file structure15.tsv (TSV, C-alpha atoms)
chain	number	residue	atom	x	y	z
A	1	MET	CA	-56.45	30.72	8.10
A	2	GLY	CA	-52.82	29.59	8.51
A	3	PRO	CA	-51.48	26.09	7.95
A	4	THR	CA	-52.29	23.41	10.48
A	5	PRO	CA	-49.43	22.03	12.56
A	6	ALA	CA	-49.59	18.76	10.59
A	7	ASN	CA	-49.23	20.65	7.30
A	8	THR	CA	-46.32	22.62	8.72
A	9	ILE	CA	-44.55	19.40	9.72
A	10	GLU	CA	-45.21	17.86	6.28
A	11	LYS	CA	-43.81	20.96	4.53
A	12	LEU	CA	-40.73	20.92	6.74
A	13	HIS	CA	-40.17	17.23	5.99
A	14	TYR	CA	-40.61	17.92	2.25
A	15	ARG	CA	-38.05	20.75	2.37
A	16	ARG	CA	-35.56	18.51	4.18
A	17	MET	CA	-36.01	15.71	1.66
A	18	SER	CA	-35.72	18.10	-1.29
A	19	TYR	CA	-32.43	19.41	0.14
A	20	PHE	CA	-31.20	15.98	1.21
A	21	THR	CA	-31.52	13.84	-1.89
A	22	HIS	CA	-30.89	10.46	-0.21
A	23	ALA	CA	-32.28	8.86	2.95
A	24	PHE	CA	-32.26	5.49	4.70
A	25	THR	CA	-32.78	3.93	8.10
A	26	ALA	CA	-30.18	1.61	9.57
A	27	GLU	CA	-28.82	0.31	12.85
A	28	ILE	CA	-25.82	2.00	14.45
A	29	SER	CA	-23.00	-0.56	14.43
A	30	GLN	CA	-19.59	-0.81	16.00
A	31	HIS	CA	-16.77	-1.22	13.46
A	32	GLY	CA	-13.08	-1.87	14.14
A	33	VAL	CA	-10.35	-0.39	11.94
A	34	GLY	CA	-6.68	-1.36	11.98
A	35	LYS	CA	-4.56	-4.49	12.28
A	36	SER	CA	-2.03	-4.17	15.08
A	37	ARG	CA	-4.03	-1.52	16.97
A	38	VAL	CA	-7.76	-1.72	16.36
A	39	ILE	CA	-9.75	1.49	16.79
A	40	THR	CA	-13.52	1.09	17.01
A	41	TYR	CA	-16.04	3.56	15.71
A	42	LYS	CA	-19.82	3.81	15.85
A	43	VAL	CA	-20.91	3.77	12.23
A	44	LEU	CA	-23.80	3.54	9.82
A	45	PHE	CA	-23.29	1.17	6.93
A	46	LEU	CA	-24.59	2.40	3.58
A	47	PRO	CA	-27.33	0.21	2.10
A	48	GLN	CA	-25.98	-1.67	-0.93
A	49	HIS	CA	-28.40	-0.13	-3.45
A	50	PHE	CA	-26.65	3.26	-3.07
A	51	GLU	CA	-23.41	1.76	-4.42
A	52	THR	CA	-24.55	2.18	-8.03
A	53	ALA	CA	-26.63	5.33	-7.40
A	54	LEU	CA	-23.72	7.44	-6.10
A	55	PRO	CA	-20.45	8.39	-7.89
A	56	PHE	CA	-18.08	6.13	-5.92
A	57	LYS	CA	-16.05	5.28	-9.04
A	58	ILE	CA	-15.05	8.95	-9.27
A	59	TYR	CA	-14.95	9.67	-5.51
A	60	PRO	CA	-14.17	6.48	-3.55
A	61	ARG	CA	-14.50	8.46	-0.28
A	62	LEU	CA	-17.53	10.45	-1.32
A	63	ARG	CA	-18.05	13.48	0.93
A	64	VAL	CA	-21.61	14.19	2.03
A	65	GLU	CA	-23.51	16.53	4.30
A	66	GLY	CA	-26.72	15.61	6.01
A	67	GLU	CA	-28.43	14.67	9.23
A	68	ILE	CA	-28.36	11.64	11.46
A	69	ALA	CA	-31.41	11.69	13.76
A	70	GLU	CA	-31.82	15.33	12.72
A	71	VAL	CA	-28.33	16.25	14.02
A	72	PRO	CA	-26.24	17.92	11.26
A	73	VAL	CA	-23.27	15.88	10.00
A	74	ARG	CA	-20.58	16.27	7.38
A	75	GLY	CA	-18.08	13.62	6.38
A	76	ALA	CA	-17.26	10.87	3.92
A	77	TRP	CA	-18.43	7.37	3.07
A	78	ILE	CA	-15.40	5.24	3.89
A	79	PRO	CA	-14.87	2.02	1.92
A	80	VAL	CA	-14.31	-1.29	3.71
A	81	GLY	CA	-12.41	-4.15	2.06
A	82	ASP	CA	-15.56	-6.30	1.85
A	83	GLY	CA	-17.37	-3.85	-0.48
A	84	ARG	CA	-19.37	-2.02	2.18
A	85	ARG	CA	-19.06	1.67	3.08
A	86	TYR	CA	-19.59	3.34	6.43
A	87	PHE	CA	-20.14	6.82	7.84
A	88	ILE	CA	-18.77	7.56	11.31
A	89	VAL	CA	-21.46	8.45	13.85
A	90	SER	CA	-19.84	11.16	15.95
A	91	PRO	CA	-20.10	11.31	19.74
A	92	LYS	CA	-22.27	14.43	19.39
A	93	ILE	CA	-25.02	12.22	17.92
A	94	LYS	CA	-25.16	10.21	21.16
A	95	ALA	CA	-24.87	13.37	23.26
A	96	ASN	CA	-27.76	15.05	21.42
A	97	THR	CA	-30.05	12.04	20.96
A	98	GLY	CA	-29.04	9.29	23.39
A	99	LEU	CA	-28.79	6.88	20.44
A	100	ASP	CA	-26.11	4.19	20.58
A	101	VAL	CA	-24.98	0.91	19.02
A	102	GLY	CA	-27.97	-1.25	18.10
A	103	ASP	CA	-30.41	1.65	17.75
A	104	GLU	CA	-32.21	2.29	14.45
A	105	VAL	CA	-31.63	5.77	13.07
A	106	GLU	CA	-32.50	7.73	9.95
A	107	MET	CA	-29.78	9.39	7.89
A	108	ARG	CA	-30.59	11.94	5.20
A	109	PHE	CA	-27.79	13.30	3.04
A	110	ARG	CA	-26.70	14.93	-0.18
A	111	ILE	CA	-23.41	14.95	-2.03
A	112	ASP	CA	-21.20	17.70	-0.65
A	113	ASP	CA	-18.59	19.85	-2.39
A	114	GLN	CA	-15.70	17.38	-2.58
A	115	ASP	CA	-13.16	20.17	-1.95
A	116	HIS	CA	-14.92	21.68	1.08
A	117	VAL	CA	-12.80	22.08	4.21
A	118	ASP	CA	-14.05	23.36	7.60
A	119	VAL	CA	-11.00	25.28	8.83
A	120	PRO	CA	-10.99	26.14	12.56
A	121	ARG	CA	-10.88	29.90	13.16
A	122	ALA	CA	-7.54	29.73	15.03
A	123	LEU	CA	-5.84	27.93	12.14
A	124	GLU	CA	-7.42	30.21	9.53
A	125	THR	CA	-6.23	33.31	11.42
A	126	ALA	CA	-2.68	31.94	11.69
A	127	ILE	CA	-2.54	31.06	7.98
A	128	ARG	CA	-3.79	34.52	6.94
A	129	ALA	CA	-1.13	36.16	9.14
A	130	ASP	CA	1.73	34.21	7.52
A	131	PRO	CA	2.23	34.83	3.76
A	132	ARG	CA	4.61	31.87	3.33
A	133	ALA	CA	2.22	29.47	5.05
A	134	SER	CA	-0.68	30.94	3.09
A	135	ASP	CA	1.11	30.22	-0.21
A	136	HIS	CA	1.84	26.62	0.86
A	137	TRP	CA	-1.75	26.19	2.15
A	138	ASN	CA	-3.17	27.26	-1.20
A	139	ASP	CA	-1.10	24.56	-2.93
A	140	LEU	CA	-2.38	21.74	-0.67
A	141	THR	CA	-5.08	19.31	-1.75
A	142	ALA	CA	-8.42	19.43	0.04
A	143	GLY	CA	-7.56	16.15	1.78
A	144	LYS	CA	-4.30	17.51	3.21
A	145	LYS	CA	-6.09	20.69	4.32
A	146	ARG	CA	-8.72	18.54	6.07
A	147	MET	CA	-5.93	16.62	7.85
A	148	PHE	CA	-4.54	19.85	9.35
A	149	ALA	CA	-8.02	21.22	10.10
A	150	SER	CA	-9.09	18.01	11.84
A	151	HIS	CA	-5.90	17.95	13.92
A	152	VAL	CA	-6.65	21.44	15.24
A	153	ALA	CA	-10.43	21.01	15.54
A	154	SER	CA	-10.14	17.87	17.67
A	155	ALA	CA	-8.35	19.77	20.46
A	156	LYS	CA	-10.43	19.81	23.63
A	157	THR	CA	-8.66	22.67	25.42
A	158	ALA	CA	-7.36	26.08	24.35
A	159	PRO	CA	-3.70	25.22	25.16
A	160	THR	CA	-3.95	22.05	23.05
A	161	GLU	CA	-5.53	24.01	20.21
A	162	GLN	CA	-2.69	26.57	20.35
A	163	ARG	CA	-0.05	23.82	20.33
A	164	ARG	CA	-1.74	22.11	17.38
A	165	VAL	CA	-2.01	25.36	15.43
A	166	ALA	CA	1.74	25.88	15.99
A	167	GLU	CA	2.46	22.30	14.81
A	168	ALA	CA	0.26	22.72	11.75
A	169	MET	CA	1.83	26.07	10.86
A	170	LEU	CA	5.34	24.65	11.12
A	171	ALA	CA	4.44	21.71	8.90
A	172	ILE	CA	2.63	23.92	6.36
A	173	ARG	CA	5.54	26.42	6.19
A	174	GLU	CA	8.04	23.58	5.68
A	175	GLY	CA	5.88	21.74	3.14
A	176	LEU	CA	5.61	18.67	5.38
A	177	SER	CA	2.64	16.49	6.17
A	178	LEU	CA	1.56	16.57	9.78
A	179	ARG	CA	2.57	12.92	10.13
A	180	ASP	CA	6.11	13.66	8.83
A	181	LEU	CA	6.49	16.63	11.18
A	182	LEU	CA	5.36	14.64	14.23
A	183	ARG	CA	7.67	11.73	13.34
A	184	ARG	CA	10.59	14.09	12.81
A	185	ASP	CA	10.07	15.76	16.19
A	186	ARG	CA	9.96	12.49	18.18

call {"tool": "encode", "arguments": {"input": "structure15.tsv", "output": "structure tokens"}}
result
Amino acid sequence: MGPTPANTIEKLHYRRMSYFTHAFTAEISQHGVGKSRVITYKVLFLPQHFETALPFKIYPRLRVEGEIAEVPVRGAWIPVGDGRRYFIVSPKIKANTGLDVGDEVEMRFRIDDQDHVDVPRALETAIRADPRASDHWNDLTAGKKRMFASHVASAKTAPTEQRRVAEAMLAIREGLSLRDLLRRDR
């Protein structure tokens, strides 16, 4: 006889929890960032007891991978001046679950490789094709690589992605940050 559906669900839950070492349930909140121009995000605030359980003294913006409402996520716990930390709840969470501000949600996560960068295929291809850019790319910190990757990945159309790859490549070749390149070209 095979396992019953209930046993199958319990085993699946056990595997998820053994992979994701931390879990909590919290309400999705709206949080504003900035002084002169406030940008609001949907976030989950980290319960306070995790503050001493996780290596925030070494990694103030600790990168994690996990699930929010069983939708895969990857990102960082971002510190707030009042001692709290938040994780941005991406629009894909609402699109896939219908959850929004005020809804209770479970987040499961584990500490991620702190140097991991998801590089969009178009940017990766361009870097590989340009030896000078490749050399500069290899010298960048993971955070600077993520800045370029995020700039390209957030493009919603192919023409925008192509323009952003070109901007990133120019900045990488010249050893500039994306911010410095965009300011220079204004």

call {"tool": "closest_atom_pairs", "arguments": {"input": "structure15.tsv", "of": "segment 78-153 of chain A", "to": "segment 37-53 of chain A", "cutoff": "8 Å", "atoms": "only C-alpha atoms", "output": "tab-separated table"}}
result
residue	atom	partner	partner_atom	distance
A:Arg84	CA	A:Phe45	CA	6.9
A:Arg85	CA	A:Leu46	CA	5.6
A:Tyr86	CA	A:Phe45	CA	4.3
A:Phe87	CA	A:Leu44	CA	5.3
A:Ile88	CA	A:Val43	CA	4.4
A:Val89	CA	A:Val43	CA	5.0
A:Ser90	CA	A:Lys42	CA	7.4
A:Asp100	CA	A:Lys42	CA	7.9
A:Val101	CA	A:Lys42	CA	6.7

call {"tool": "write_last_selection", "arguments": {"input": "structure15.tsv", "atoms": "C-alpha atoms", "output": "short mmCIF file (atom, residue, chain, number, x, y, z; two decimals), in the coordinates of the input"}}
result
data_model
loop_
_atom_site.label_atom_id
_atom_site.label_comp_id
_atom_site.auth_asym_id
_atom_site.auth_seq_id
_atom_site.Cartn_x
_atom_site.Cartn_y
_atom_site.Cartn_z
CA ARG A 84 -19.37 -2.02 2.18
CA ARG A 85 -19.06 1.67 3.08
CA TYR A 86 -19.59 3.34 6.43
CA PHE A 87 -20.14 6.82 7.84
CA ILE A 88 -18.77 7.56 11.31
CA VAL A 89 -21.46 8.45 13.85
CA SER A 90 -19.84 11.16 15.95
CA ASP A 100 -26.11 4.19 20.58
CA VAL A 101 -24.98 0.91 19.02
#

call {"tool": "closest_atom_pairs", "arguments": {"input": "structure15.tsv", "of": "segment 21-137 of chain A", "to": "segment 172-180 of chain A", "cutoff": "9 Å", "atoms": "all atoms listed in the file", "output": "tab-separated table"}}
result
residue	atom	partner	partner_atom	distance
A:Ile127	CA	A:Ile172	CA	9.0
A:Asp130	CA	A:Arg173	CA	8.8
A:Arg132	CA	A:Arg173	CA	6.2
A:Ala133	CA	A:Arg173	CA	4.7
A:Ser134	CA	A:Arg173	CA	8.3
A:Asp135	CA	A:Arg173	CA	8.7
A:His136	CA	A:Ile172	CA	6.2
A:Trp137	CA	A:Ile172	CA	6.5

call {"tool": "residues_near_point", "arguments": {"input": "structure15.tsv", "point": "(3.0, 17.6, 15.5)", "cutoff": "8 Å", "atoms": "all atoms listed in the file", "output": "PyMOL selection string"}}
result
chain A and resi 164+167-168+171+178-179+181-183+185

call {"tool": "residues_around", "arguments": {"input": "structure15.tsv", "residues": "Asp113 of chain A", "least_positions_apart": "2", "cutoff": "8 Å", "atoms": "all atoms listed in the file", "output": "ChimeraX atom specification"}}
result
/A:63-64,111,115-116

call {"tool": "write_last_selection", "arguments": {"input": "structure15.tsv", "atoms": "C-alpha atoms", "output": "mmCIF file, keeping the file's coordinate frame"}}
result
data_model
loop_
_atom_site.group_PDB
_atom_site.id
_atom_site.type_symbol
_atom_site.label_atom_id
_atom_site.label_comp_id
_atom_site.auth_asym_id
_atom_site.auth_seq_id
_atom_site.Cartn_x
_atom_site.Cartn_y
_atom_site.Cartn_z
ATOM 1 C CA ARG A 63 -18.050 13.480 0.930
ATOM 2 C CA VAL A 64 -21.610 14.190 2.030
ATOM 3 C CA ILE A 111 -23.410 14.950 -2.030
ATOM 4 C CA ASP A 115 -13.160 20.170 -1.950
ATOM 5 C CA HIS A 116 -14.920 21.680 1.080
#

call {"tool": "atom_distance", "arguments": {"input": "structure15.tsv", "atom1": "atom CA of Lys94 of chain A", "atom2": "atom CA of Gly32 of chain A"}}
result
18.5 Å

call {"tool": "atom_distance", "arguments": {"input": "structure15.tsv", "atom1": "atom CA of Ser150 of chain A", "atom2": "atom CA of Pro120 of chain A"}}
result
8.4 Å

call {"tool": "residues_near_point", "arguments": {"input": "structure15.tsv", "point": "(-15.8, 7.7, -2.8)", "cutoff": "10 Å", "atoms": "only C-alpha atoms", "output": "list in words"}}
result
Glu51, Leu54, Pro55, Phe56, Lys57, Ile58, Tyr59, Pro60, Arg61, Leu62, Arg63, Val64, Ala76, Trp77, Ile78, Pro79, Arg85 and Gln114 of chain A

call {"tool": "residues_around", "arguments": {"input": "structure15.tsv", "residues": "Ala149 of chain A", "least_positions_apart": "3", "cutoff": "8 Å", "atoms": "all atoms listed in the file", "output": "mmCIF file with C-alpha atoms, in the coordinates of the input"}}
result
data_model
loop_
_atom_site.group_PDB
_atom_site.id
_atom_site.type_symbol
_atom_site.label_atom_id
_atom_site.label_comp_id
_atom_site.auth_asym_id
_atom_site.auth_seq_id
_atom_site.Cartn_x
_atom_site.Cartn_y
_atom_site.Cartn_z
ATOM 1 C CA VAL A 117 -12.800 22.080 4.210
ATOM 2 C CA ASP A 118 -14.050 23.360 7.600
ATOM 3 C CA VAL A 119 -11.000 25.280 8.830
ATOM 4 C CA PRO A 120 -10.990 26.140 12.560
ATOM 5 C CA LEU A 123 -5.840 27.930 12.140
ATOM 6 C CA LYS A 145 -6.090 20.690 4.320
ATOM 7 C CA ARG A 146 -8.720 18.540 6.070
ATOM 8 C CA VAL A 152 -6.650 21.440 15.240
ATOM 9 C CA ALA A 153 -10.430 21.010 15.540
#

call {"tool": "closest_residue", "arguments": {"input": "structure15.tsv", "among": "A:Lys92, A:Arg184, A:His31, A:Arg74", "to": "Leu170 of chain A", "atoms": "only C-alpha atoms"}}
result
A:Arg184

call {"tool": "closest_residue", "arguments": {"input": "structure15.tsv", "among": "A:Ala69, A:Leu140, A:Ala166, A:Ala23", "to": "Glu104 of chain A", "atoms": "all atoms listed in the file"}}
result
A:Ala69

call {"tool": "axis_aligned_box", "arguments": {"input": "structure15.tsv", "around": "segment 125-143 of chain A", "padding_each_side": "3 Å", "output": "lines of an AutoDock Vina configuration file"}}
result
center_x = -1.9
center_y = 26.2
center_z = 4.4
size_x = 19.0
size_y = 26.0
size_z = 20.6

call {"tool": "atom_distance", "arguments": {"input": "structure15.tsv", "atom1": "atom CA of Asn96 of chain A", "atom2": "atom CA of Val33 of chain A"}}
result
25.1 Å
